[in-house]
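Q: You'll find input_11.pdb just under this line, and it carries PDB, C-alpha atoms and all ligand atoms.
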ATOM      1  CA  MET A   1       8.100   5.726 -25.196
ATOM      2  CA  ASN A   2       6.937   7.524 -22.050
ATOM      3  CA  ALA A   3       4.192   6.333 -19.743
ATOM      4  CA  ALA A   4       2.183   8.002 -17.032
ATOM      5  CA  GLY A   5       1.268   5.993 -13.949
ATOM      6  CA  ILE A   6      -1.506   6.888 -11.547
ATOM      7  CA  ASP A   7      -2.232   5.545  -8.080
ATOM      8  CA  ILE A   8      -5.757   6.391  -6.927
ATOM      9  CA  GLY A   9      -5.959   6.255  -3.148
ATOM     10  CA  GLY A  10      -8.812   7.124  -0.830
ATOM     11  CA  THR A  11      -7.063  10.370   0.174
ATOM     12  CA  ASN A  12      -4.629  11.232  -2.624
ATOM     13  CA  ILE A  13      -3.998  10.600  -6.283
ATOM     14  CA  ARG A  14      -0.294  10.276  -7.113
ATOM     15  CA  ALA A  15       1.018  10.486 -10.646
ATOM     16  CA  VAL A  16       4.397   9.821 -12.249
ATOM     17  CA  LEU A  17       5.803  10.221 -15.730
ATOM     18  CA  THR A  18       8.521   7.761 -16.673
ATOM     19  CA  ASP A  19      10.401   6.471 -19.697
ATOM     20  CA  GLU A  20      10.865   2.792 -20.604
ATOM     21  CA  SER A  21      13.940   2.449 -18.415
ATOM     22  CA  GLY A  22      12.120   3.706 -15.326
ATOM     23  CA  THR A  23      13.735   7.146 -15.171
ATOM     24  CA  LEU A  24      11.379   9.391 -13.255
ATOM     25  CA  LEU A  25      10.480  12.404 -15.417
ATOM     26  CA  GLY A  26       7.723  13.907 -13.279
ATOM     27  CA  PHE A  27       5.694  13.494 -10.093
ATOM     28  CA  ARG A  28       2.464  15.134  -8.894
ATOM     29  CA  LYS A  29       0.139  14.557  -5.956
ATOM     30  CA  ILE A  30      -3.412  15.890  -5.547
ATOM     31  CA  SER A  31      -6.361  15.197  -3.225
ATOM     32  CA  THR A  32      -8.785  12.556  -4.479
ATOM     33  CA  PRO A  33     -12.009  14.210  -5.664
ATOM     34  CA  ARG A  34     -15.398  12.752  -4.715
ATOM     35  CA  THR A  35     -17.163  11.857  -7.964
ATOM     36  CA  SER A  36     -16.039   9.617 -10.821
ATOM     37  CA  ARG A  37     -16.361  12.521 -13.285
ATOM     38  CA  GLU A  38     -14.109  14.731 -11.126
ATOM     39  CA  ILE A  39     -11.587  11.893 -10.762
ATOM     40  CA  VAL A  40     -11.417  11.458 -14.561
ATOM     41  CA  ASP A  41     -11.012  15.221 -15.024
ATOM     42  CA  ALA A  42      -8.292  15.379 -12.355
ATOM     43  CA  ILE A  43      -6.311  12.503 -13.922
ATOM     44  CA  GLY A  44      -6.765  14.101 -17.342
ATOM     45  CA  GLY A  45      -5.290  17.303 -15.941
ATOM     46  CA  LEU A  46      -2.297  15.493 -14.428
ATOM     47  CA  VAL A  47      -1.469  13.680 -17.685
ATOM     48  CA  ALA A  48      -1.967  16.845 -19.747
ATOM     49  CA  GLY A  49       0.366  18.647 -17.343
ATOM     50  CA  PHE A  50       3.092  16.058 -17.973
ATOM     51  CA  ALA A  51       2.576  16.228 -21.740
ATOM     52  CA  SER A  52       2.735  19.998 -21.925
ATOM     53  CA  ARG A  53       5.955  20.220 -19.957
ATOM     54  CA  ALA A  54       7.822  17.733 -22.118
ATOM     55  CA  ALA A  55       9.285  18.753 -25.435
ATOM     56  CA  GLY A  56       7.142  17.870 -28.411
ATOM     57  CA  GLY A  57       3.869  18.062 -26.525
ATOM     58  CA  CYS A  58       2.891  14.384 -26.956
ATOM     59  CA  ALA A  59       5.241  12.802 -24.447
ATOM     60  CA  VAL A  60       2.723  10.473 -22.801
ATOM     61  CA  SER A  61       2.041   7.384 -24.965
ATOM     62  CA  VAL A  62       0.226   5.173 -22.509
ATOM     63  CA  LEU A  63      -1.355   5.372 -19.056
ATOM     64  CA  GLY A  64      -1.527   2.838 -16.230
ATOM     65  CA  VAL A  65      -3.970   3.305 -13.371
ATOM     66  CA  GLY A  66      -3.738   1.479 -10.051
ATOM     67  CA  CYS A  67      -6.809   1.378  -7.859
ATOM     68  CA  ALA A  68      -7.867  -0.590  -4.778
ATOM     69  CA  GLY A  69     -10.444  -3.306  -5.255
ATOM     70  CA  ALA A  70     -11.439  -6.113  -7.604
ATOM     71  CA  LEU A  71     -11.165  -5.246 -11.293
ATOM     72  CA  ASP A  72     -12.654  -6.280 -14.588
ATOM     73  CA  ARG A  73      -9.507  -5.756 -16.666
ATOM     74  CA  GLY A  74     -11.206  -6.659 -19.964
ATOM     75  CA  ARG A  75     -13.839  -3.942 -19.564
ATOM     76  CA  GLY A  76     -11.403  -1.617 -17.834
ATOM     77  CA  SER A  77     -13.738  -1.106 -14.924
ATOM     78  CA  ILE A  78     -13.495  -1.379 -11.167
ATOM     79  CA  ILE A  79     -15.969  -3.903  -9.749
ATOM     80  CA  THR A  80     -15.778  -2.829  -6.119
ATOM     81  CA  SER A  81     -13.723  -0.094  -4.521
ATOM     82  CA  PRO A  82     -14.100   0.068  -0.746
ATOM     83  CA  ASN A  83     -12.206   3.357  -0.269
ATOM     84  CA  ILE A  84     -13.567   5.197  -3.315
ATOM     85  CA  PRO A  85     -17.242   4.197  -3.642
ATOM     86  CA  ALA A  86     -17.722   6.599  -6.599
ATOM     87  CA  LEU A  87     -15.588   4.302  -8.759
ATOM     88  CA  ALA A  88     -17.515   1.047  -8.117
ATOM     89  CA  GLY A  89     -18.760  -0.270 -11.465
ATOM     90  CA  PHE A  90     -17.316   2.733 -13.303
ATOM     91  CA  PRO A  91     -15.565   2.050 -16.656
ATOM     92  CA  ILE A  92     -12.631   4.286 -15.760
ATOM     93  CA  ALA A  93     -10.235   3.050 -18.468
ATOM     94  CA  ARG A  94     -12.704   3.816 -21.271
ATOM     95  CA  ALA A  95     -13.547   7.239 -19.814
ATOM     96  CA  LEU A  96      -9.845   8.130 -19.613
ATOM     97  CA  GLU A  97      -9.092   6.783 -23.106
ATOM     98  CA  LYS A  98     -11.885   8.966 -24.497
ATOM     99  CA  LYS A  99     -10.563  11.996 -22.658
ATOM    100  CA  LEU A 100      -6.850  11.537 -23.406
ATOM    101  CA  GLY A 101      -6.767   9.640 -26.714
ATOM    102  CA  ILE A 102      -4.169   7.117 -25.435
ATOM    103  CA  ARG A 103      -4.395   3.479 -24.279
ATOM    104  CA  VAL A 104      -5.245   3.088 -20.599
ATOM    105  CA  PHE A 105      -4.714  -0.061 -18.500
ATOM    106  CA  ILE A 106      -6.053  -0.549 -14.988
ATOM    107  CA  GLU A 107      -4.534  -2.710 -12.285
ATOM    108  CA  ASN A 108      -5.105  -3.489  -8.634
ATOM    109  CA  ASP A 109      -3.111  -0.977  -6.568
ATOM    110  CA  ALA A 110      -1.268  -3.654  -4.595
ATOM    111  CA  THR A 111      -0.171  -5.366  -7.833
ATOM    112  CA  ALA A 112       0.999  -1.984  -9.129
ATOM    113  CA  ALA A 113       3.027  -1.450  -5.945
ATOM    114  CA  VAL A 114       4.663  -4.878  -6.373
ATOM    115  CA  ALA A 115       5.451  -4.141 -10.032
ATOM    116  CA  GLY A 116       7.055  -0.823  -9.040
ATOM    117  CA  GLU A 117       9.099  -2.386  -6.253
ATOM    118  CA  GLN A 118      10.223  -5.209  -8.553
ATOM    119  CA  TRP A 119      11.210  -2.721 -11.273
ATOM    120  CA  LYS A 120      12.922   0.068  -9.371
ATOM    121  CA  GLY A 121      12.769  -0.825  -5.680
ATOM    122  CA  ASN A 122      14.120  -3.498  -3.362
ATOM    123  CA  GLY A 123      12.214  -6.396  -4.952
ATOM    124  CA  GLY A 124      14.367  -6.786  -8.046
ATOM    125  CA  ARG A 125      17.013  -8.896  -6.318
ATOM    126  CA  PHE A 126      14.570 -11.549  -5.064
ATOM    127  CA  SER A 127      12.508 -14.187  -6.939
ATOM    128  CA  ASN A 128      10.135 -15.040  -4.101
ATOM    129  CA  TRP A 129       8.990 -12.167  -1.921
ATOM    130  CA  LEU A 130       5.989 -10.505  -0.364
ATOM    131  CA  MET A 131       4.912  -6.892  -0.289
ATOM    132  CA  ILE A 132       2.844  -5.612   2.608
ATOM    133  CA  THR A 133       1.273  -2.149   2.380
ATOM    134  CA  LEU A 134       0.471  -0.576   5.719
ATOM    135  CA  GLY A 135      -1.984   2.289   5.370
ATOM    136  CA  THR A 136      -5.639   2.987   6.121
ATOM    137  CA  GLY A 137      -6.005  -0.757   5.570
ATOM    138  CA  ILE A 138      -3.457  -3.496   4.884
ATOM    139  CA  GLY A 139      -2.832  -4.770   1.373
ATOM    140  CA  GLY A 140      -0.348  -7.167  -0.071
ATOM    141  CA  GLY A 141       1.207  -8.786  -3.061
ATOM    142  CA  ALA A 142       3.334 -11.817  -3.818
ATOM    143  CA  VAL A 143       6.069 -12.512  -6.327
ATOM    144  CA  ILE A 144       6.354 -16.241  -6.933
ATOM    145  CA  ASN A 145       9.301 -17.544  -8.970
ATOM    146  CA  GLY A 146       9.771 -14.073 -10.440
ATOM    147  CA  GLY A 147       6.146 -13.513 -11.498
ATOM    148  CA  ILE A 148       3.513 -11.369  -9.774
ATOM    149  CA  TYR A 149       0.674 -13.523  -8.464
ATOM    150  CA  THR A 150      -2.652 -11.762  -9.039
ATOM    151  CA  GLY A 151      -5.342 -14.383  -8.495
ATOM    152  CA  ARG A 152      -8.489 -14.733 -10.601
ATOM    153  CA  SER A 153      -9.768 -11.133 -10.450
ATOM    154  CA  GLY A 154      -6.533  -9.347  -9.589
ATOM    155  CA  ALA A 155      -7.403  -9.094  -5.908
ATOM    156  CA  ALA A 156      -5.152 -11.816  -4.437
ATOM    157  CA  LEU A 157      -3.258 -11.282  -1.168
ATOM    158  CA  GLU A 158      -5.953  -9.344   0.677
ATOM    159  CA  ILE A 159      -3.909 -10.036   3.755
ATOM    160  CA  GLY A 160      -5.596  -7.264   5.744
ATOM    161  CA  HIS A 161      -8.556  -9.619   5.942
ATOM    162  CA  MET A 162      -6.623 -12.636   7.163
ATOM    163  CA  SER A 163      -8.225 -13.474  10.499
ATOM    164  CA  ILE A 164      -5.704 -13.692  13.343
ATOM    165  CA  ASP A 165      -8.224 -13.810  16.226
ATOM    166  CA  HIS A 166     -11.315 -15.955  15.783
ATOM    167  CA  GLY A 167     -13.456 -14.121  18.315
ATOM    168  CA  GLY A 168     -11.754 -10.794  17.747
ATOM    169  CA  ARG A 169     -12.692  -7.348  16.493
ATOM    170  CA  ARG A 170     -15.456  -7.077  13.947
ATOM    171  CA  CYS A 171     -14.443  -6.044  10.457
ATOM    172  CA  PRO A 172     -16.687  -4.306   7.887
ATOM    173  CA  CYS A 173     -15.883  -7.225   5.535
ATOM    174  CA  GLY A 174     -18.110  -9.443   7.710
ATOM    175  CA  ASN A 175     -15.327 -11.495   9.317
ATOM    176  CA  THR A 176     -13.919 -11.050  12.828
ATOM    177  CA  GLY A 177     -10.322 -10.625  13.952
ATOM    178  CA  CYS A 178      -9.007  -9.370  10.586
ATOM    179  CA  LEU A 179      -5.329  -8.315  10.647
ATOM    180  CA  GLU A 180      -6.063  -4.747   9.547
ATOM    181  CA  ARG A 181      -8.291  -4.198  12.580
ATOM    182  CA  TYR A 182      -5.074  -4.539  14.669
ATOM    183  CA  ALA A 183      -2.150  -3.507  12.511
ATOM    184  CA  SER A 184      -3.206  -0.733  10.074
ATOM    185  CA  ALA A 185      -2.723   3.021  10.529
ATOM    186  CA  THR A 186      -6.443   3.198  11.342
ATOM    187  CA  ALA A 187      -6.046   0.600  14.111
ATOM    188  CA  LEU A 188      -2.979   2.404  15.463
ATOM    189  CA  VAL A 189      -4.923   5.661  15.836
ATOM    190  CA  HIS A 190      -7.904   3.876  17.362
ATOM    191  CA  ASP A 191      -5.829   1.921  19.912
ATOM    192  CA  THR A 192      -3.681   4.911  20.870
ATOM    193  CA  ARG A 193      -6.763   7.082  21.428
ATOM    194  CA  ARG A 194      -8.241   4.368  23.632
ATOM    195  CA  ARG A 195      -5.104   4.363  25.826
ATOM    196  CA  LEU A 196      -4.709   8.144  26.141
ATOM    197  CA  GLY A 197      -6.413   8.132  29.581
ATOM    198  CA  ASN A 198      -3.753   5.788  30.988
ATOM    199  CA  PHE A 199      -0.884   8.070  29.939
ATOM    200  CA  PRO A 200      -1.480  11.501  31.505
ATOM    201  CA  GLY A 201       2.079  12.599  30.683
ATOM    202  CA  SER A 202       1.994  11.585  27.011
ATOM    203  CA  SER A 203       3.080  14.259  24.535
ATOM    204  CA  LEU A 204       0.245  13.059  22.306
ATOM    205  CA  ARG A 205      -2.256  14.637  24.698
ATOM    206  CA  THR A 206      -0.769  18.038  23.862
ATOM    207  CA  ARG A 207      -0.535  17.271  20.152
ATOM    208  CA  ILE A 208      -4.254  16.541  19.763
ATOM    209  CA  LYS A 209      -5.530  19.758  21.366
ATOM    210  CA  GLY A 210      -7.820  21.290  18.727
ATOM    211  CA  THR A 211      -7.018  18.646  16.126
ATOM    212  CA  VAL A 212      -7.461  14.935  15.444
ATOM    213  CA  LEU A 213      -4.927  12.227  16.213
ATOM    214  CA  THR A 214      -3.117  10.803  13.183
ATOM    215  CA  ALA A 215      -0.730   7.890  12.624
ATOM    216  CA  GLN A 216       1.909  10.430  11.515
ATOM    217  CA  MET A 217       1.703  12.159  14.934
ATOM    218  CA  ILE A 218       2.072   8.835  16.731
ATOM    219  CA  TYR A 219       5.151   8.020  14.638
ATOM    220  CA  GLU A 220       6.660  11.462  15.339
ATOM    221  CA  GLU A 221       6.078  11.158  19.082
ATOM    222  CA  ALA A 222       7.527   7.629  19.072
ATOM    223  CA  ARG A 223      10.694   9.135  17.585
ATOM    224  CA  SER A 224      10.828  11.545  20.532
ATOM    225  CA  GLY A 225      10.490   8.606  22.912
ATOM    226  CA  ASP A 226       6.858   9.015  23.984
ATOM    227  CA  GLU A 227       5.909   5.895  25.923
ATOM    228  CA  LEU A 228       2.309   5.684  24.726
ATOM    229  CA  ALA A 229       3.310   6.056  21.075
ATOM    230  CA  LEU A 230       6.042   3.433  21.449
ATOM    231  CA  GLN A 231       3.753   1.001  23.245
ATOM    232  CA  SER A 232       1.013   1.358  20.603
ATOM    233  CA  ILE A 233       3.421   0.780  17.727
ATOM    234  CA  ASN A 234       4.927  -2.166  19.584
ATOM    235  CA  GLU A 235       1.552  -3.818  20.028
ATOM    236  CA  LEU A 236       0.643  -3.207  16.375
ATOM    237  CA  SER A 237       3.936  -4.809  15.375
ATOM    238  CA  ARG A 238       3.235  -7.938  17.456
ATOM    239  CA  TRP A 239      -0.100  -8.475  15.689
ATOM    240  CA  LEU A 240       1.534  -7.801  12.336
ATOM    241  CA  GLY A 241       4.243 -10.324  13.178
ATOM    242  CA  ILE A 242       1.594 -12.988  13.824
ATOM    243  CA  GLY A 243       0.006 -12.302  10.424
ATOM    244  CA  ILE A 244       3.386 -12.356   8.712
ATOM    245  CA  THR A 245       4.312 -15.619  10.462
ATOM    246  CA  ASN A 246       1.323 -17.200   8.675
ATOM    247  CA  LEU A 247       2.521 -15.755   5.366
ATOM    248  CA  VAL A 248       6.107 -16.937   5.901
ATOM    249  CA  ASN A 249       4.809 -20.452   6.622
ATOM    250  CA  ILE A 250       2.678 -20.393   3.460
ATOM    251  CA  PHE A 251       4.949 -18.655   0.951
ATOM    252  CA  ASN A 252       8.498 -19.421   2.189
ATOM    253  CA  PRO A 253       9.662 -15.992   0.956
ATOM    254  CA  GLU A 254      13.215 -14.663   0.694
ATOM    255  CA  ALA A 255      12.020 -11.213   1.748
ATOM    256  CA  VAL A 256       9.062  -9.252   3.064
ATOM    257  CA  ILE A 257       8.998  -5.617   1.875
ATOM    258  CA  PHE A 258       6.825  -3.031   3.606
ATOM    259  CA  GLY A 259       5.158  -0.130   1.812
ATOM    260  CA  GLY A 260       2.339   2.292   2.565
ATOM    261  CA  GLY A 261       2.403   5.405   4.748
ATOM    262  CA  LEU A 262       2.986   3.519   7.998
ATOM    263  CA  SER A 263       6.145   1.878   6.611
ATOM    264  CA  LYS A 264       7.844   5.161   7.574
ATOM    265  CA  ALA A 265       7.723   3.749  11.107
ATOM    266  CA  GLY A 266       9.654   0.679   9.900
ATOM    267  CA  ARG A 267      12.512   1.262  12.333
ATOM    268  CA  PHE A 268      10.081   0.543  15.204
ATOM    269  CA  ILE A 269       7.939  -2.053  13.444
ATOM    270  CA  LEU A 270      10.473  -4.280  11.671
ATOM    271  CA  PRO A 271      12.516  -5.498  14.686
ATOM    272  CA  VAL A 272       9.334  -6.615  16.492
ATOM    273  CA  VAL A 273       7.970  -8.332  13.379
ATOM    274  CA  ARG A 274      11.327 -10.083  12.895
ATOM    275  CA  ASN A 275      11.345 -11.328  16.506
ATOM    276  CA  THR A 276       7.752 -12.541  16.302
ATOM    277  CA  VAL A 277       8.461 -14.463  13.104
ATOM    278  CA  GLU A 278      11.628 -15.893  14.728
ATOM    279  CA  GLU A 279       9.542 -17.103  17.689
ATOM    280  CA  ARG A 280       6.603 -18.507  15.775
ATOM    281  CA  ALA A 281       7.317 -19.490  12.160
ATOM    282  CA  LEU A 282       8.415 -22.997  11.198
ATOM    283  CA  LYS A 283      12.107 -23.529  11.738
ATOM    284  CA  GLY A 284      12.951 -24.355   8.151
ATOM    285  CA  LEU A 285      11.121 -21.330   6.792
ATOM    286  CA  ARG A 286      11.949 -18.476   9.156
ATOM    287  CA  LYS A 287      15.702 -18.582   8.681
ATOM    288  CA  GLY A 288      17.211 -15.772   6.656
ATOM    289  CA  VAL A 289      13.966 -14.003   5.723
ATOM    290  CA  ARG A 290      14.840 -10.359   4.969
ATOM    291  CA  PHE A 291      12.542  -7.604   6.275
ATOM    292  CA  LEU A 292      12.842  -4.362   4.321
ATOM    293  CA  VAL A 293      11.039  -1.080   3.754
ATOM    294  CA  THR A 294      10.128   0.057   0.231
ATOM    295  CA  LYS A 295      12.625   2.330  -1.496
ATOM    296  CA  ASN A 296      10.006   4.972  -2.248
ATOM    297  CA  GLU A 297       6.664   4.690  -0.522
ATOM    298  CA  GLU A 298       5.218   7.704  -2.321
ATOM    299  CA  LYS A 299       6.126   6.930  -5.946
ATOM    300  CA  THR A 300       6.485   3.132  -6.218
ATOM    301  CA  PRO A 301       2.776   2.248  -6.802
ATOM    302  CA  SER A 302       2.312   4.802  -9.611
ATOM    303  CA  LEU A 303       5.666   3.813 -11.127
ATOM    304  CA  GLY A 304       4.427   0.208 -11.125
ATOM    305  CA  ALA A 305       1.155   1.221 -12.818
ATOM    306  CA  ALA A 306       3.223   2.906 -15.544
ATOM    307  CA  LYS A 307       5.414  -0.211 -15.889
ATOM    308  CA  ILE A 308       2.362  -2.462 -16.336
ATOM    309  CA  ALA A 309       0.999  -0.108 -19.027
ATOM    310  CA  LEU A 310       4.384  -0.057 -20.823
ATOM    311  CA  ASP A 311       4.550  -3.877 -20.779
ATOM    312  CA  HIS A 312       1.005  -4.193 -22.204
ATOM    313  CA  SER A 313       1.763  -1.573 -24.806
ATOM    314  CA  ILE A 314       5.047  -3.141 -25.941
ATOM    315  CA  LYS A 315       3.417  -6.590 -26.138
ATOM    316  CA  GLY A 316       0.589  -4.993 -28.137
ATOM    317  CA  ALA A 317      -2.017  -6.320 -25.724
TER
HETATM  318 ZN    ZN B   1     -12.001  -8.048   7.225
END
Would you put the structure from the file into structure tokens?

A:
Amino acid sequence: MNAAGIDIGGTNIRAVLTDESGTLLGFRKISTPRTSREIVDAIGGLVAGFASRAAGGCAVSVLGVGCAGALDRGRGSIITSPNIPALAGFPIARALEKKLGIRVFIENDATAAVAGEQWKGNGGRFSNWLMITLGTGIGGGAVINGGIYTGRSGAALEIGHMSIDHGGRRCPCGNTGCLERYASATALVHDTRRRLGNFPGSSLRTRIKGTVLTAQMIYEEARSGDELALQSINELSRWLGIGITNLVNIFNPEAVIFGGGLSKAGRFILPVVRNTVEERALKGLRKGVRFLVTKNEEKTPSLGAAKIALDHSIKGA
């Protein structure tokens, strides 16, 4: 049995085709369209593309869809979706089932990423571990005694909204001092832009002529040794380390695995996070925690969505 897995992000939709053993049979990435109708059509096109390429023409038996936000799994709809407002309240699973004629299961995107990492990534060798996705915002997931913890509505581990500074930066969620206001790709761009004036010699000043600053640029310039880029990533990593210290004290994990676009900068971020946790976490809990980067930042969440759909399908749920 083959499954397609989709990860709907605010910027891109990523799709994989896989068999039951997790062998990757196809991968596609497209920009996320604006309306729910266009999103359904785009996903339909991706799945049809997989099916037509495979021999027999009916290679996709089931579809898993990962999406940010709180879900109503029973109705197959997304209750709230901060990054893709068009999908709020939309019964996406039913719309896709009607279009494709196969079973469709939806899951929170962070849970899908954990499932993918547990199946084919670095998570498989641990029973208690945390996943932290560093992107536009910060998401997370937890594996506890080998099982993925999802919470009541599938939205557990919203660690981006853990407050680490009581009088700190305002967050659109209504709280202040939320971790993602300091340690996401968005925060990195914001803080680096704010400091540009203090670094007249920074290579980033040349990079942004006629274009907008991105986290990718900051990472690239950090690799070339730019002081501003390095300082910004260092500060982000300190904040992140404080947030992760709280998580280490709560969950007592064997490992913390980083995903999301910004995890590419892991070689700068991880040593600082490790030091911060060493300095601050409880003695009995900080020892031996492994800090790792996901095996495949681009494909793991959609692979996990496919895995969840395969599991449901095999169980006959
Ligand atoms: Zn918040």

Q: Taking only C-alpha atoms and all ligand atoms into account, which residues are within 7 Å of ligand ZN 1 (chain B), as a list of chain:residue names?

A: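 Using only C-alpha atoms and all ligand atoms, everything at most 7 Å from ligand ZN 1 (chain B) comes to A:Gly160, A:His161, A:Cys171, A:Pro172, A:Cys173, A:Gly174, A:Asn175, A:Thr176, A:Cys178.
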
Q: Store the residues picked out above, limited to C-alpha atoms, as a PDB file, in the frame of the given file.

A:
ATOM      1  CA  GLY A 160      -5.596  -7.264   5.744  1.00  0.00           C
ATOM      2  CA  HIS A 161      -8.556  -9.619   5.942  1.00  0.00           C
ATOM      3  CA  CYS A 171     -14.443  -6.044  10.457  1.00  0.00           C
ATOM      4  CA  PRO A 172     -16.687  -4.306   7.887  1.00  0.00           C
ATOM      5  CA  CYS A 173     -15.883  -7.225   5.535  1.00  0.00           C
ATOM      6  CA  GLY A 174     -18.110  -9.443   7.710  1.00  0.00           C
ATOM      7  CA  ASN A 175     -15.327 -11.495   9.317  1.00  0.00           C
ATOM      8  CA  THR A 176     -13.919 -11.050  12.828  1.00  0.00           C
ATOM      9  CA  CYS A 178      -9.007  -9.370  10.586  1.00  0.00           C
TER      10      CYS A 178
END

Q: Can you tell me, as a ChimeraX atom specification, what residues are no more than 10 Å from region 145-159 of chain A when counting all atoms listed in the file, ignoring any on the same chain fewer than 2 positions away?

A: /A:68-73,79,107-112,114-115,118,123-133,137-143,161-163,178-180,243-244,247

Q: Tell me, in Å to one decimal, how far CA of Ala42 (chain A) is from CA of Ile13 (chain A).

A: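 CA of Ile13 (chain A) lies 8.8 Å from CA of Ala42 (chain A).
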
Q: I'd like the neighbourhood of Phe199 (chain A) as a PyMOL selection string, where a residue qualifies if any of its atoms comes within 12 Å (using only C-alpha atoms), though same-chain residues fewer than 2 positions away should be ignored.

A: chain A and resi 192-197+201-206+226-232

Q: On this structure, the PyMOL selection byres (((chain A and resi 288) around 12) and not hetatm) would catch which residues? List them as a VMD selection string, sorted by chain and number.

A: chain A and resid 248 252 to 256 274 277 to 278 281 283 to 287 289 to 291

Q: Tell me, in Å to one decimal, how far CA of Ala265 (chain A) is from CA of Ile84 (chain A).

A: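 About the pair CA of Ala265 (chain A) and CA of Ile84 (chain A): they are 25.8 Å apart.
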
Q: Return as a PDB file with C-alpha atoms, keeping the file's coordinate frame the set of residues that the PyMOL selection byres (((chain A and resi 214) around 9) and not hetatm) yields on the displayed structure.

A:
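As written to disk, part_21.pdb reads:
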ATOM      1  CA  ALA A 185      -2.723   3.021  10.529  1.00  0.00           C
ATOM      2  CA  THR A 186      -6.443   3.198  11.342  1.00  0.00           C
ATOM      3  CA  LEU A 188      -2.979   2.404  15.463  1.00  0.00           C
ATOM      4  CA  VAL A 189      -4.923   5.661  15.836  1.00  0.00           C
ATOM      5  CA  ILE A 208      -4.254  16.541  19.763  1.00  0.00           C
ATOM      6  CA  VAL A 212      -7.461  14.935  15.444  1.00  0.00           C
ATOM      7  CA  LEU A 213      -4.927  12.227  16.213  1.00  0.00           C
ATOM      8  CA  ALA A 215      -0.730   7.890  12.624  1.00  0.00           C
ATOM      9  CA  GLN A 216       1.909  10.430  11.515  1.00  0.00           C
ATOM     10  CA  MET A 217       1.703  12.159  14.934  1.00  0.00           C
ATOM     11  CA  ILE A 218       2.072   8.835  16.731  1.00  0.00           C
ATOM     12  CA  TYR A 219       5.151   8.020  14.638  1.00  0.00           C
TER      13      TYR A 219
END

Q: Given the file above and the PyMOL selection byres (((chain A and resi 7) around 8) and not hetatm), which residues are selected, and can you give them as a ChimeraX atom specification?

A: /A:5-6,8-9,13-15,65-67,109,301-302,305

Q: Name all residues at most 7 Å from Ser237 (chain A) (count only C-alpha atoms; drop same-chain ones fewer than 2 positions away) and give them as a VMD selection string.

A: chain A and resid 183 233 to 235 239 to 241 269 272 to 273

Q: Expressed in Å to a single decimal, how great is the separation between CA of Arg103 (chain A) and CA of Leu24 (chain A)?

A: 20.1 Å

Q: Which is closer to Pro85 (chain A) than all the others in A:Leu25, A:Ile39, A:Ile242, A:Ile164, using all atoms listed in the file?

A: A:Ile39

Q: For a quick check of understanding, using all atoms listed in the file, which of A:Thr35, A:Thr294, A:Ser61, A:Thr211 has the smallest distance to Ser313 (chain A)?

A: A:Ser61

Q: Give me the residues near Gly76 (chain A) as a list in words, where near means some atom within 10 Å (using all atoms listed in the file) and where sequence neighbours in that chain fewer than 5 positions away do not count.

A: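 Selected residues are Val65, Leu71, Gly89, Phe90, Pro91, Ile92, Ala93, Arg94, Ala95, Val104, Phe105, Ile106 and Glu107 of chain A.
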
Q: Counting only C-alpha atoms, which residue out of A:Gly266, A:Leu282, A:Asn83, A:Ser21 sits closest to Asn246 (chain A)?

A: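 Smallest separation from Asn246 (chain A) among the options: A:Leu282.
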
Q: Any chance you could work out the axis-aligned box around region 162-176 of chain A, listed atoms only, 3 Å on each side, giving centre and edge lengths in Å to one decimal, as lines of an AutoDock Vina configuration file?

A:
center_x = -11.9
center_y = -10.1
center_z = 11.9
size_x = 18.4
size_y = 17.6
size_z = 18.8
